[in-house]
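The file model.cif comes next; it holds mmCIF, C-alpha atoms, pLDDT in the B column; chains and numbers go by the auth columns.
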data_start
#
loop_
_atom_site.group_PDB
_atom_site.id
_atom_site.type_symbol
_atom_site.label_atom_id
_atom_site.label_comp_id
_atom_site.label_asym_id
_atom_site.label_seq_id
_atom_site.Cartn_x
_atom_site.Cartn_y
_atom_site.Cartn_z
_atom_site.B_iso_or_equiv
_atom_site.auth_seq_id
_atom_site.auth_asym_id
ATOM 1 C CA MET A 1 39.394 -0.277 46.267 62.00 287 D
ATOM 2 C CA LYS A 2 40.810 1.837 43.459 62.00 288 D
ATOM 3 C CA LYS A 3 41.301 -1.310 41.350 65.00 289 D
ATOM 4 C CA ILE A 4 37.645 -2.281 41.839 66.00 290 D
ATOM 5 C CA ASN A 5 36.401 1.237 40.983 63.00 291 D
ATOM 6 C CA SER A 6 38.568 1.459 37.878 68.00 292 D
ATOM 7 C CA PHE A 7 37.484 -2.071 36.839 67.00 293 D
ATOM 8 C CA LEU A 8 33.789 -1.102 37.246 64.00 294 D
ATOM 9 C CA ILE A 9 34.269 2.101 35.251 72.00 295 D
ATOM 10 C CA PHE A 10 36.139 0.206 32.520 67.00 296 D
ATOM 11 C CA THR A 11 33.381 -2.438 32.376 70.00 297 D
ATOM 12 C CA MET A 12 30.669 0.243 32.198 70.00 298 D
ATOM 13 C CA LEU A 13 32.468 1.971 29.336 64.00 299 D
ATOM 14 C CA ILE A 14 32.772 -1.286 27.392 71.00 300 D
ATOM 15 C CA LEU A 15 29.067 -2.052 27.926 67.00 301 D
ATOM 16 C CA ALA A 16 28.086 1.472 26.853 66.00 302 D
ATOM 17 C CA PHE A 17 30.267 1.179 23.746 65.00 303 D
ATOM 18 C CA ALA A 18 28.776 -2.214 22.885 64.00 304 D
ATOM 19 C CA ALA A 19 25.234 -0.890 23.357 64.00 305 D
ATOM 20 C CA CYS A 20 25.905 2.048 21.017 63.00 306 D
ATOM 21 C CA ASN A 21 27.228 -0.235 18.280 60.00 307 D
ATOM 22 C CA ASN A 22 24.271 -2.621 18.480 53.00 308 D
ATOM 23 C CA LYS A 23 22.242 -1.095 15.629 54.00 309 D
ATOM 24 C CA ARG A 24 18.946 -2.599 14.585 56.00 310 D
ATOM 25 C CA THR A 25 17.973 -2.602 10.969 61.00 311 D
ATOM 26 C CA GLU A 26 14.280 -2.267 10.253 67.00 312 D
ATOM 27 C CA LEU A 27 12.807 -4.457 7.533 68.00 313 D
ATOM 28 C CA SER A 28 11.331 -2.676 4.545 71.00 314 D
ATOM 29 C CA ASP A 29 7.661 -3.180 3.749 68.00 315 D
ATOM 30 C CA LEU A 30 8.665 -5.303 0.786 69.00 316 D
ATOM 31 C CA GLU A 31 10.726 -7.605 3.027 71.00 317 D
ATOM 32 C CA LYS A 32 7.823 -7.817 5.500 69.00 318 D
ATOM 33 C CA LEU A 33 5.530 -8.796 2.618 67.00 319 D
ATOM 34 C CA ARG A 34 7.944 -11.489 1.432 67.00 320 D
ATOM 35 C CA THR A 35 8.233 -13.048 4.894 68.00 321 D
ATOM 36 C CA SER A 36 4.619 -12.653 5.983 66.00 322 D
ATOM 37 C CA THR A 37 2.172 -15.506 6.263 62.00 323 D
ATOM 38 C CA ASN A 38 -1.571 -15.538 5.900 57.00 324 D
ATOM 39 C CA THR A 39 -2.167 -15.720 9.627 58.00 325 D
ATOM 40 C CA LYS A 40 -4.032 -12.787 11.073 54.00 326 D
ATOM 41 C CA SER A 41 -3.068 -9.775 8.995 54.00 327 D
ATOM 42 C CA TYR A 42 -5.602 -7.448 10.601 53.00 328 D
ATOM 43 C CA PRO A 43 -5.301 -5.938 14.080 52.00 329 D
ATOM 44 C CA ALA A 44 -7.190 -7.703 16.853 52.00 330 D
ATOM 45 C CA VAL A 45 -8.556 -4.483 18.367 54.00 331 D
ATOM 46 C CA GLN A 46 -12.101 -3.457 17.584 58.00 332 D
ATOM 47 C CA MET A 47 -12.539 -0.718 15.001 62.00 333 D
ATOM 48 C CA ASP A 48 -15.578 1.047 13.660 70.00 334 D
ATOM 49 C CA SER A 49 -16.440 0.368 10.032 77.00 335 D
ATOM 50 C CA MET A 50 -14.765 3.513 8.678 79.00 336 D
ATOM 51 C CA GLN A 51 -11.505 2.757 10.504 83.00 337 D
ATOM 52 C CA ALA A 52 -11.621 -0.838 9.264 83.00 338 D
ATOM 53 C CA ILE A 53 -12.207 0.253 5.663 86.00 339 D
ATOM 54 C CA ASN A 54 -9.390 2.801 5.977 88.00 340 D
ATOM 55 C CA SER A 55 -7.006 0.179 7.373 89.00 341 D
ATOM 56 C CA ILE A 56 -7.904 -2.468 4.790 90.00 342 D
ATOM 57 C CA THR A 57 -7.643 0.030 1.937 92.00 343 D
ATOM 58 C CA LYS A 58 -4.211 1.194 3.064 93.00 344 D
ATOM 59 C CA GLN A 59 -3.053 -2.421 3.317 93.00 345 D
ATOM 60 C CA LYS A 60 -4.406 -3.286 -0.146 94.00 346 D
ATOM 61 C CA VAL A 61 -2.820 -0.196 -1.751 94.00 347 D
ATOM 62 C CA GLN A 62 0.546 -0.978 -0.125 94.00 348 D
ATOM 63 C CA GLU A 63 0.380 -4.647 -1.153 94.00 349 D
ATOM 64 C CA LEU A 64 -0.498 -3.804 -4.763 95.00 350 D
ATOM 65 C CA LEU A 65 2.337 -1.280 -5.020 95.00 351 D
ATOM 66 C CA ASP A 66 4.801 -3.726 -3.449 94.00 352 D
ATOM 67 C CA LEU A 67 3.765 -6.421 -5.914 94.00 353 D
ATOM 68 C CA SER A 68 4.114 -3.916 -8.766 93.00 354 D
ATOM 69 C CA THR A 69 7.684 -3.007 -7.829 94.00 355 D
ATOM 70 C CA LEU A 70 8.491 -6.697 -7.372 93.00 356 D
ATOM 71 C CA TYR A 71 7.048 -7.494 -10.797 93.00 357 D
ATOM 72 C CA LEU A 72 8.946 -4.639 -12.474 93.00 358 D
ATOM 73 C CA SER A 73 12.233 -5.703 -10.861 91.00 359 D
ATOM 74 C CA GLY A 74 11.987 -9.109 -12.561 86.00 360 D
ATOM 75 C CA ASN A 75 12.262 -10.176 -16.183 86.00 361 D
ATOM 76 C CA ARG A 76 8.459 -10.060 -16.669 85.00 362 D
ATOM 77 C CA ASN A 77 8.512 -13.369 -18.527 85.00 363 D
ATOM 78 C CA THR A 78 9.240 -16.001 -15.890 88.00 364 D
ATOM 79 C CA GLU A 79 6.732 -18.196 -14.081 90.00 365 D
ATOM 80 C CA ILE A 80 7.101 -16.200 -10.861 90.00 366 D
ATOM 81 C CA ASP A 81 6.457 -12.963 -12.781 90.00 367 D
ATOM 82 C CA THR A 82 3.295 -14.507 -14.231 90.00 368 D
ATOM 83 C CA LEU A 83 2.229 -15.517 -10.738 92.00 369 D
ATOM 84 C CA ILE A 84 2.877 -12.014 -9.369 92.00 370 D
ATOM 85 C CA TYR A 85 0.938 -10.468 -12.264 92.00 371 D
ATOM 86 C CA SER A 86 -2.057 -12.747 -11.693 91.00 372 D
ATOM 87 C CA GLN A 87 -1.929 -11.881 -7.978 93.00 373 D
ATOM 88 C CA MET A 88 -2.036 -8.192 -8.912 93.00 374 D
ATOM 89 C CA GLU A 89 -5.018 -8.795 -11.193 93.00 375 D
ATOM 90 C CA SER A 90 -6.903 -10.407 -8.299 92.00 376 D
ATOM 91 C CA TYR A 91 -6.995 -7.006 -6.587 93.00 377 D
ATOM 92 C CA PHE A 92 -9.210 -5.640 -9.381 93.00 378 D
ATOM 93 C CA TYR A 93 -12.900 -6.204 -9.990 90.00 379 D
ATOM 94 C CA GLU A 94 -12.558 -6.440 -13.786 88.00 380 D
ATOM 95 C CA PRO A 95 -8.892 -6.282 -14.798 86.00 381 D
ATOM 96 C CA ASP A 96 -8.003 -5.675 -18.424 83.00 382 D
ATOM 97 C CA SER A 97 -4.831 -5.068 -20.401 78.00 383 D
ATOM 98 C CA SER A 98 -4.762 -1.334 -19.598 85.00 384 D
ATOM 99 C CA THR A 99 -5.188 -1.788 -15.836 85.00 385 D
ATOM 100 C CA PHE A 100 -1.502 -1.492 -14.987 90.00 386 D
ATOM 101 C CA SER A 101 -0.131 0.544 -17.906 89.00 387 D
ATOM 102 C CA LYS A 102 -0.216 3.954 -16.155 89.00 388 D
ATOM 103 C CA LEU A 103 1.175 2.518 -12.915 91.00 389 D
ATOM 104 C CA PHE A 104 3.997 0.609 -14.647 93.00 390 D
ATOM 105 C CA ARG A 105 4.910 3.604 -16.808 92.00 391 D
ATOM 106 C CA GLU A 106 5.258 5.855 -13.764 92.00 392 D
ATOM 107 C CA LEU A 107 7.247 3.350 -11.709 94.00 393 D
ATOM 108 C CA ASP A 108 9.539 2.575 -14.672 93.00 394 D
ATOM 109 C CA SER A 109 10.180 6.207 -15.577 93.00 395 D
ATOM 110 C CA LEU A 110 11.178 7.095 -12.007 93.00 396 D
ATOM 111 C CA LYS A 111 13.176 3.848 -11.551 93.00 397 D
ATOM 112 C CA VAL A 112 11.272 3.014 -8.361 94.00 398 D
ATOM 113 C CA LYS A 113 12.464 0.039 -6.295 93.00 399 D
ATOM 114 C CA SER A 114 10.213 0.401 -3.238 93.00 400 D
ATOM 115 C CA VAL A 115 7.110 2.322 -2.227 95.00 401 D
ATOM 116 C CA LYS A 116 5.621 3.608 1.033 95.00 402 D
ATOM 117 C CA VAL A 117 1.965 4.649 1.366 94.00 403 D
ATOM 118 C CA ASN A 118 1.278 7.610 3.681 90.00 404 D
ATOM 119 C CA LYS A 119 -1.779 9.561 4.806 90.00 405 D
ATOM 120 C CA LEU A 120 -4.504 7.455 3.243 92.00 406 D
ATOM 121 C CA GLU A 121 -8.028 8.770 3.543 92.00 407 D
ATOM 122 C CA VAL A 122 -11.173 7.128 2.205 91.00 408 D
ATOM 123 C CA TYR A 123 -14.106 9.223 1.086 89.00 409 D
ATOM 124 C CA LYS A 124 -17.321 8.938 -0.881 87.00 410 D
ATOM 125 C CA ASP A 125 -18.179 10.910 -3.981 85.00 411 D
ATOM 126 C CA TYR A 126 -21.655 11.153 -5.438 83.00 412 D
ATOM 127 C CA TYR A 127 -22.194 11.048 -9.179 80.00 413 D
ATOM 128 C CA LYS A 128 -25.798 11.218 -10.350 80.00 414 D
ATOM 129 C CA LYS A 129 -27.459 8.521 -8.194 78.00 415 D
ATOM 130 C CA ASP A 130 -24.308 6.488 -7.588 80.00 416 D
ATOM 131 C CA THR A 131 -22.064 6.559 -4.559 81.00 417 D
ATOM 132 C CA LEU A 132 -18.422 6.109 -5.496 86.00 418 D
ATOM 133 C CA ASP A 133 -15.796 5.038 -2.966 90.00 419 D
ATOM 134 C CA TYR A 134 -12.350 6.588 -3.320 92.00 420 D
ATOM 135 C CA ALA A 135 -9.081 6.479 -1.457 92.00 421 D
ATOM 136 C CA LYS A 136 -6.830 9.523 -1.548 94.00 422 D
ATOM 137 C CA PHE A 137 -3.271 8.863 -0.438 94.00 423 D
ATOM 138 C CA ASN A 138 0.308 10.043 -0.627 94.00 424 D
ATOM 139 C CA VAL A 139 2.832 7.605 -1.984 95.00 425 D
ATOM 140 C CA GLU A 140 6.579 7.981 -1.526 95.00 426 D
ATOM 141 C CA TYR A 141 8.864 6.375 -4.084 96.00 427 D
ATOM 142 C CA PHE A 142 12.375 5.149 -3.294 95.00 428 D
ATOM 143 C CA ASP A 143 15.190 4.272 -5.696 92.00 429 D
ATOM 144 C CA GLU A 144 17.634 1.353 -5.524 91.00 430 D
ATOM 145 C CA LYS A 145 19.754 3.183 -2.910 92.00 431 D
ATOM 146 C CA ASN A 146 16.629 3.680 -0.758 92.00 432 D
ATOM 147 C CA LYS A 147 16.700 7.450 -1.407 94.00 433 D
ATOM 148 C CA SER A 148 13.378 9.204 -1.741 93.00 434 D
ATOM 149 C CA VAL A 149 12.451 10.015 -5.342 93.00 435 D
ATOM 150 C CA GLY A 150 9.421 12.056 -4.281 93.00 436 D
ATOM 151 C CA ILE A 151 6.008 12.055 -2.656 94.00 437 D
ATOM 152 C CA PHE A 152 2.992 12.050 -4.952 94.00 438 D
ATOM 153 C CA GLU A 153 -0.732 12.372 -4.276 94.00 439 D
ATOM 154 C CA LYS A 154 -2.784 9.597 -5.860 94.00 440 D
ATOM 155 C CA ASN A 155 -6.355 8.329 -5.966 93.00 441 D
ATOM 156 C CA ALA A 156 -7.880 4.904 -6.289 93.00 442 D
ATOM 157 C CA GLN A 157 -11.506 3.911 -6.712 92.00 443 D
ATOM 158 C CA TYR A 158 -12.583 0.757 -4.915 91.00 444 D
ATOM 159 C CA ILE A 159 -15.644 -1.352 -4.258 90.00 445 D
ATOM 160 C CA LEU A 160 -16.661 -3.615 -1.401 87.00 446 D
ATOM 161 C CA SER A 161 -18.499 -6.568 -2.892 85.00 447 D
ATOM 162 C CA SER A 162 -20.799 -8.563 -0.617 82.00 448 D
ATOM 163 C CA ALA A 163 -19.603 -12.105 -0.023 76.00 449 D
ATOM 164 C CA PRO A 164 -21.720 -13.727 2.704 72.00 450 D
ATOM 165 C CA ILE A 165 -20.271 -16.910 4.156 75.00 451 D
ATOM 166 C CA LYS A 166 -22.404 -19.091 6.500 71.00 452 D
ATOM 167 C CA PHE A 167 -24.434 -16.434 8.311 69.00 453 D
ATOM 168 C CA LYS A 168 -21.557 -13.950 8.363 74.00 454 D
ATOM 169 C CA LYS A 169 -21.731 -10.659 6.541 74.00 455 D
ATOM 170 C CA GLU A 170 -18.387 -10.369 4.766 79.00 456 D
ATOM 171 C CA PHE A 171 -17.079 -8.248 1.939 82.00 457 D
ATOM 172 C CA LYS A 172 -14.405 -8.633 -0.684 88.00 458 D
ATOM 173 C CA PHE A 173 -12.266 -5.636 -1.544 90.00 459 D
ATOM 174 C CA TYR A 174 -11.586 -4.778 -5.199 92.00 460 D
ATOM 175 C CA PHE A 175 -10.103 -1.800 -6.992 93.00 461 D
ATOM 176 C CA LEU A 176 -12.092 -0.407 -9.888 91.00 462 D
ATOM 177 C CA ASN A 177 -9.463 2.149 -10.946 90.00 463 D
ATOM 178 C CA PHE A 178 -5.990 2.633 -9.579 91.00 464 D
ATOM 179 C CA TYR A 179 -4.163 5.972 -9.825 85.00 465 D
ATOM 180 C CA SER A 180 -7.369 7.359 -11.288 71.00 466 D
ATOM 181 C CA LYS A 181 -8.654 10.885 -11.058 70.00 467 D
ATOM 182 C CA PRO A 182 -12.052 11.237 -9.375 62.00 468 D
ATOM 183 C CA LEU A 183 -14.925 11.674 -11.808 56.00 469 D
ATOM 184 C CA LYS A 184 -15.707 15.301 -12.496 51.00 470 D
ATOM 185 C CA LYS A 185 -19.292 16.251 -11.922 48.00 471 D
ATOM 186 C CA ASP A 186 -21.253 17.801 -14.723 47.00 472 D
ATOM 187 C CA SER A 187 -21.392 21.556 -14.210 43.00 473 D
ATOM 188 C CA THR A 188 -24.869 21.822 -15.721 43.00 474 D
ATOM 189 C CA LEU A 189 -27.678 21.363 -13.247 44.00 475 D
ATOM 190 C CA THR A 190 -30.404 18.877 -14.093 45.00 476 D
ATOM 191 C CA GLY A 191 -33.180 20.491 -16.109 44.00 477 D
ATOM 192 C CA VAL A 192 -31.186 23.644 -16.917 45.00 478 D
ATOM 193 C CA THR A 193 -30.592 24.119 -20.645 45.00 479 D
ATOM 194 C CA LYS A 194 -30.099 27.077 -22.932 43.00 480 D
#
Output the file's structure as structure tokens, nothing else.
Amino acid sequence: MKKINSFLIFTMLILAFAACNNKRTELSDLEKLRTSTNTKSYPAVQMDSMQAINSITKQKVQELLDLSTLYLSGNRNTEIDTLIYSQMESYFYEPDSSTFSKLFRELDSLKVKSVKVNKLEVYKDYYKKDTLDYAKFNVEYFDEKNKSVGIFEKNAQYILSSAPIKFKKEFKFYFLNFYSKPLKKDSTLTGVTK
């Protein structure tokens, strides 16, 4: 009986030791992006329109930042770099040569290797008679050793462009400005002059 009890205790200790050493490594967002497919990237649960816009915006911001770090980690002159750059341009309504300069400068100066988007909030700003859609978010930068470089508050202006497809009301998401500051309103009221 003592042999059985000591055998059971010994077996339990070995199982407990094995369970403690079985560590799981979580994939980074960049690795998830590399291994993801185009099948169903949005949650299946029903969301109201504001939650859906918030979720899509956070996904688009994260994807653009992941592509940016991937582009900057390459030589910037290979075919794959050209493909990544054109993919990044597709996130913008009217991309031009200055679209990525501020973003690339910041990522290069801090030697960022990966990025995590936190606390994204979409809001509307009104300028004259226009309604402007903005996303305000915190972005955390990580270096090559996966150590946090810092958390920074950023803004991005976006637009939802109508793209109806066979009786369905669909929209395409585009950035107008990325890492932009919201437009400052004119401090002079309409009709008030000196």
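Residue nearest Ala442 (chain D) within the list D:Arg391, D:Lys414, D:Arg362, D:Lys346: D:Lys346 [criterion: smallest interatomic distance, only C-alpha atoms].
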All residues 12 Å or closer to region 355-359 of chain D, all atoms listed in the file, same chain fewer than 5 positions away omitted, as a PyMOL selection string: chain D and resi 315-317+319-320+348-350+364-374+386-387+389-402+427-430
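CA of Ala421 (chain D) sits 10.0 Å away from CA of Ile339 (chain D).
Proximity of D:Phe423, D:Tyr379, D:Phe464, D:Phe438 to Lys405 (chain D), computed with all atoms listed in the file, is greatest for D:Phe423.
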Would you mind reading off the distance between CA of Phe459 (chain D) and CA of Gly360 (chain D), one decimal, in Å? 26.9 Å
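The spacing separating CA of Lys410 (chain D) from CA of Tyr444 (chain D) amounts to 10.3 Å.
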Output of the PyMOL selection byres ((chain D and resi 446) around 12), listed as a ChimeraX atom specification: /D:339,342-343,377-379,417-420,443-445,447-449,455-462
Residue IDs satisfying the PyMOL selection byres ((chain D and resi 406) around 8), as a PDB file with C-alpha atoms, in the frame of the given file:
ATOM      1  CA  ASN D 340      -9.390   2.801   5.977  1.00 88.00           C
ATOM      2  CA  LYS D 344      -4.211   1.194   3.064  1.00 93.00           C
ATOM      3  CA  VAL D 403       1.965   4.649   1.366  1.00 94.00           C
ATOM      4  CA  ASN D 404       1.278   7.610   3.681  1.00 90.00           C
ATOM      5  CA  LYS D 405      -1.779   9.561   4.806  1.00 90.00           C
ATOM      6  CA  GLU D 407      -8.028   8.770   3.543  1.00 92.00           C
ATOM      7  CA  VAL D 408     -11.173   7.128   2.205  1.00 91.00           C
ATOM      8  CA  ALA D 421      -9.081   6.479  -1.457  1.00 92.00           C
ATOM      9  CA  LYS D 422      -6.830   9.523  -1.548  1.00 94.00           C
ATOM     10  CA  PHE D 423      -3.271   8.863  -0.438  1.00 94.00           C
ATOM     11  CA  ASN D 424       0.308  10.043  -0.627  1.00 94.00           C
TER      12      ASN D 424
END
Could region 377-395 of chain D be completed with N, CA, C and O atoms and written as an mmCIF file, in the frame of the given file, please?
data_model
loop_
_atom_site.group_PDB
_atom_site.id
_atom_site.type_symbol
_atom_site.label_atom_id
_atom_site.label_comp_id
_atom_site.auth_asym_id
_atom_site.auth_seq_id
_atom_site.Cartn_x
_atom_site.Cartn_y
_atom_site.Cartn_z
ATOM 1 N N TYR D 377 -6.605 -8.172 -7.373
ATOM 2 C CA TYR D 377 -6.995 -7.006 -6.587
ATOM 3 C C TYR D 377 -8.042 -6.155 -7.319
ATOM 4 O O TYR D 377 -8.596 -5.242 -6.741
ATOM 5 N N PHE D 378 -8.307 -6.452 -8.578
ATOM 6 C CA PHE D 378 -9.210 -5.640 -9.381
ATOM 7 C C PHE D 378 -10.499 -6.388 -9.680
ATOM 8 O O PHE D 378 -10.498 -7.598 -9.873
ATOM 9 N N TYR D 379 -11.588 -5.625 -9.740
ATOM 10 C CA TYR D 379 -12.900 -6.204 -9.990
ATOM 11 C C TYR D 379 -12.976 -6.765 -11.397
ATOM 12 O O TYR D 379 -13.422 -7.891 -11.594
ATOM 13 N N GLU D 380 -12.575 -5.996 -12.398
ATOM 14 C CA GLU D 380 -12.558 -6.440 -13.786
ATOM 15 C C GLU D 380 -11.251 -5.984 -14.422
ATOM 16 O O GLU D 380 -11.206 -4.956 -15.094
ATOM 17 N N PRO D 381 -10.167 -6.712 -14.216
ATOM 18 C CA PRO D 381 -8.892 -6.282 -14.798
ATOM 19 C C PRO D 381 -8.886 -6.459 -16.315
ATOM 20 O O PRO D 381 -9.514 -7.370 -16.836
ATOM 21 N N ASP D 382 -8.207 -5.519 -16.984
ATOM 22 C CA ASP D 382 -8.003 -5.675 -18.424
ATOM 23 C C ASP D 382 -6.556 -5.305 -18.748
ATOM 24 O O ASP D 382 -5.759 -5.027 -17.851
ATOM 25 N N SER D 383 -6.219 -5.283 -20.008
ATOM 26 C CA SER D 383 -4.831 -5.068 -20.401
ATOM 27 C C SER D 383 -4.318 -3.672 -20.051
ATOM 28 O O SER D 383 -3.117 -3.467 -19.896
ATOM 29 N N SER D 384 -5.194 -2.701 -19.907
ATOM 30 C CA SER D 384 -4.762 -1.334 -19.598
ATOM 31 C C SER D 384 -4.749 -1.031 -18.098
ATOM 32 O O SER D 384 -4.431 0.085 -17.710
ATOM 33 N N THR D 385 -5.084 -2.010 -17.279
ATOM 34 C CA THR D 385 -5.188 -1.788 -15.836
ATOM 35 C C THR D 385 -3.901 -1.266 -15.228
ATOM 36 O O THR D 385 -3.914 -0.347 -14.420
ATOM 37 N N PHE D 386 -2.769 -1.824 -15.626
ATOM 38 C CA PHE D 386 -1.502 -1.492 -14.987
ATOM 39 C C PHE D 386 -0.609 -0.568 -15.813
ATOM 40 O O PHE D 386 0.466 -0.204 -15.352
ATOM 41 N N SER D 387 -1.031 -0.202 -17.020
ATOM 42 C CA SER D 387 -0.131 0.544 -17.906
ATOM 43 C C SER D 387 0.323 1.873 -17.297
ATOM 44 O O SER D 387 1.514 2.198 -17.337
ATOM 45 N N LYS D 388 -0.587 2.652 -16.740
ATOM 46 C CA LYS D 388 -0.216 3.954 -16.155
ATOM 47 C C LYS D 388 0.696 3.763 -14.949
ATOM 48 O O LYS D 388 1.693 4.472 -14.780
ATOM 49 N N LEU D 389 0.371 2.798 -14.104
ATOM 50 C CA LEU D 389 1.175 2.518 -12.915
ATOM 51 C C LEU D 389 2.585 2.068 -13.306
ATOM 52 O O LEU D 389 3.579 2.587 -12.801
ATOM 53 N N PHE D 390 2.691 1.117 -14.221
ATOM 54 C CA PHE D 390 3.997 0.609 -14.647
ATOM 55 C C PHE D 390 4.839 1.694 -15.309
ATOM 56 O O PHE D 390 6.031 1.789 -15.093
ATOM 57 N N ARG D 391 4.189 2.523 -16.138
ATOM 58 C CA ARG D 391 4.910 3.604 -16.808
ATOM 59 C C ARG D 391 5.534 4.556 -15.795
ATOM 60 O O ARG D 391 6.692 4.950 -15.916
ATOM 61 N N GLU D 392 4.750 4.924 -14.775
ATOM 62 C CA GLU D 392 5.258 5.855 -13.764
ATOM 63 C C GLU D 392 6.384 5.240 -12.951
ATOM 64 O O GLU D 392 7.418 5.871 -12.720
ATOM 65 N N LEU D 393 6.216 4.012 -12.507
ATOM 66 C CA LEU D 393 7.247 3.350 -11.709
ATOM 67 C C LEU D 393 8.524 3.138 -12.519
ATOM 68 O O LEU D 393 9.633 3.302 -12.015
ATOM 69 N N ASP D 394 8.375 2.772 -13.801
ATOM 70 C CA ASP D 394 9.539 2.575 -14.672
ATOM 71 C C ASP D 394 10.274 3.884 -14.943
ATOM 72 O O ASP D 394 11.501 3.938 -14.889
ATOM 73 N N SER D 395 9.533 4.941 -15.225
ATOM 74 C CA SER D 395 10.180 6.207 -15.577
ATOM 75 C C SER D 395 10.956 6.802 -14.405
ATOM 76 O O SER D 395 11.978 7.451 -14.600
#
